[in-house]
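Working notes for the structure below.
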Amino acid sequence: MIIGLVVHPTRPEAAKVSQRLVSAADELGIEVVAAADDADQLAGVHSDGSATPDLLVSIGGDGTVLEAVQRGLVLDVPILGINLGRVGFLAEIEQTEIPLMLERLVSGDWEVEERMTLRAEIDDGPGAYALNDVVISKRVSQRLVGLAVEVDGKPFRTFRADGIVVASPTGSTAYSFSAGGPAVAPQLQAIIMSAVAPHSLFSRSLIFEPDRVLRFTASSDRPIGVEVDATTLGELENGQSVTVARGDKTSRFATFGRQRFPHTLQHKLGLDGG
């Protein structure tokens with residue numbers, strides 16, 4: 001079995017945990033590979049080169065998982081997150097569980113769960129896949145932007161707001177949740193749209209069927225940025241649009257049959273105490 005590592009680049013704890021994983025993996029006959037930069041920093045880790053791992057293990061917070069997701073989409077391999085962050089909605093296990101995790105991987109005692117992605121494409125510009133969300137938002141503080149929204153090619157309404165978040169079910173507990181959107185079980189198929197601080201009496205989030213195509217057109221001359229999973233995709237000029245729809249690729253996550261979504265939400269948000 002080959003495991004690919006994706007490690008948080010600046011946290012010393014991530015390097016220490018990675019080294020413990022490498023040592024434990026070696027005892028079980030598991031080969032560990034990583035991108036050249038990570039491999040150079042970790043003893044016993046080979047540069048991935050032409051080797052395709054059976055899965056990618058991210059060590060860090062949710063941001064590190066999102067980086068692993070992008071690599072996983074290219075390699076078509078599942079992701080497993082080890083949480084070093086504070087919340088870690090995307091991480092499956094805690095660092096203390098690494099030895100048991102490796103044993104279960106070797107024995108085949110794990111499953112793969114598929115999550116829908118979003119695909120964002122700027123007119124005459126770049127495109128990218130998102131596991132969590134696409135954020136279309138103002139670049140200048142204290143100034144609202146105008147965004148005309150179309151659904152399946154038909155005008156819906158124009159929002160004046162700080163921006164709009166378009167989230168997948170997996171991303172519903174990220175920025176979308178902070179913007180007032182619902183928490184949606186990640187196994188579902190849906191597109192969630194939430195306006196951020198809208199200048200309107202209508203401020204509710206909307207949940208669309210997964211096959212809807214949403215189009216957002218800049219209707220003001222103020223700069224509007226487009227970010228995909230917190231990575232800048234580009235900017236919209238007045239009259240320019242970005243289209244967001246379900247991605248034609250799914251992100252795959254390794255799972256050990258942990259607690260289902262309501263219990264995860266309860267634990268991660270500290271709702272256990274009632």
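All residue names refer to the structure tokens as shown: chains lettered A, B, ... in order, residues numbered from 1 in each chain, ligands numbered from 1 in order.
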Please provide the set of residues having any atom within 8 Å of Arg222 of chain A, restricted to only C-alpha atoms, with same-chain residues fewer than 3 positions apart removed, written as JSON, numbers by chain.
{"A": [138, 139, 140, 145, 237, 238]}
Within 12 Å of Leu118 of chain A using only C-alpha atoms, minus same-chain residues under 6 positions, as number ranges by chain
A: 127-135, 165-171, 189-192, 210-214, 228-229, 243-251
Written selection (C-alpha atoms) as a PDB file, in the first residue's frame:
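The new file out_28.pdb reads:
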ATOM      1  CA  GLY A 127     -12.173  27.558 -14.125  1.00  0.00           C
ATOM      2  CA  ALA A 128     -11.681  25.410 -11.022  1.00  0.00           C
ATOM      3  CA  TYR A 129     -13.325  22.749  -8.863  1.00  0.00           C
ATOM      4  CA  ALA A 130     -14.492  23.452  -5.316  1.00  0.00           C
ATOM      5  CA  LEU A 131     -15.261  20.972  -2.588  1.00  0.00           C
ATOM      6  CA  ASN A 132     -16.542  23.648  -0.204  1.00  0.00           C
ATOM      7  CA  ASP A 133     -17.623  26.830  -1.907  1.00  0.00           C
ATOM      8  CA  VAL A 134     -17.333  29.539  -4.504  1.00  0.00           C
ATOM      9  CA  VAL A 135     -17.283  33.047  -3.010  1.00  0.00           C
ATOM     10  CA  VAL A 165     -21.462  32.296  -1.275  1.00  0.00           C
ATOM     11  CA  VAL A 166     -22.337  29.246  -3.359  1.00  0.00           C
ATOM     12  CA  ALA A 167     -21.681  26.113  -1.331  1.00  0.00           C
ATOM     13  CA  SER A 168     -21.858  22.365  -1.738  1.00  0.00           C
ATOM     14  CA  PRO A 169     -23.342  20.304   1.112  1.00  0.00           C
ATOM     15  CA  THR A 170     -19.804  19.616   2.327  1.00  0.00           C
ATOM     16  CA  GLY A 171     -19.093  23.351   2.381  1.00  0.00           C
ATOM     17  CA  GLN A 189     -26.656  16.567  -3.483  1.00  0.00           C
ATOM     18  CA  ALA A 190     -27.582  20.253  -3.540  1.00  0.00           C
ATOM     19  CA  ILE A 191     -26.328  23.766  -4.255  1.00  0.00           C
ATOM     20  CA  ILE A 192     -26.708  26.320  -1.463  1.00  0.00           C
ATOM     21  CA  PRO A 210     -27.796  19.829  -7.884  1.00  0.00           C
ATOM     22  CA  ASP A 211     -28.337  20.113 -11.641  1.00  0.00           C
ATOM     23  CA  ARG A 212     -29.183  23.811 -11.609  1.00  0.00           C
ATOM     24  CA  VAL A 213     -26.720  26.180 -13.279  1.00  0.00           C
ATOM     25  CA  LEU A 214     -26.179  29.519 -11.533  1.00  0.00           C
ATOM     26  CA  VAL A 228     -12.766  28.822  -5.071  1.00  0.00           C
ATOM     27  CA  ASP A 229     -12.128  27.045  -1.752  1.00  0.00           C
ATOM     28  CA  THR A 243     -20.963  30.312 -13.843  1.00  0.00           C
ATOM     29  CA  VAL A 244     -21.273  27.847 -10.963  1.00  0.00           C
ATOM     30  CA  ALA A 245     -22.662  24.337 -11.398  1.00  0.00           C
ATOM     31  CA  ARG A 246     -22.174  20.826 -10.111  1.00  0.00           C
ATOM     32  CA  GLY A 247     -18.714  19.556 -11.004  1.00  0.00           C
ATOM     33  CA  ASP A 248     -18.277  16.617 -13.331  1.00  0.00           C
ATOM     34  CA  LYS A 249     -15.848  15.126 -10.795  1.00  0.00           C
ATOM     35  CA  THR A 250     -16.596  13.868  -7.300  1.00  0.00           C
ATOM     36  CA  SER A 251     -14.232  14.127  -4.370  1.00  0.00           C
TER      37      SER A 251
END
Just want the 12 Å neighbourhood of Gly61 of chain A, counted on only C-alpha atoms, with same-chain residues fewer than 4 positions away dropped. Output as a PyMOL selection string.
chain A and resi 6-11+13-14+57+65-68+80-95
Atom pair atom CA of Ala230 of chain A / atom CA of Phe159 of chain A: separation (Å)
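Distance reported for this atom pair: 21.7 Å.
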DSSP helix (DSSP H, G or I) selection over segment 39-259 of chain A, as a PyMOL selection string:
chain A and resi 39-41+62-75+95-107+170-173+175-178
Shortest interatomic distance to Val151 of chain A - which of A:Ile136, A:Ile207, A:Ala36, A:Ala179, counting only C-alpha atoms:
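Of the candidates, the smallest distance to Val151 of chain A is held by A:Ile207.
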Which of segment 55-100 of chain A counts as strand (DSSP E or B) under DSSP, as a PyMOL selection string please?
chain A and resi 55-60+79-83+93-94
Kindly indicate which residue among A:Ser241, A:Leu100, A:Gly181, A:Gly63 lies nearest to Ala148 of chain A, using only C-alpha atoms for the distances.
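For Ala148 of chain A, the nearest of the given residues is A:Ser241.
Considering only C-alpha atoms, the residue among A:Ile122, A:Ala174, A:Leu144, A:Ala24 positioned nearest to Thr217 of chain A is A:Ile122.
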Gap from atom CA of Gln142 of chain A to atom CA of Pro223 of chain A - Å, one decimal:
12.6 Å
Pick out the closest residue to Asp221 of chain A from this set: A:Leu147, A:Ser200, A:Arg252, A:Ser172. Count only C-alpha atoms.
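When distances to Asp221 of chain A are compared using only C-alpha atoms, the smallest one comes from A:Leu147.
Between Asp152 of chain A and the residues A:Arg71, A:Arg215, A:Pro186, A:Val106, the shortest atom-to-atom distance, using only C-alpha atoms, involves A:Arg215.
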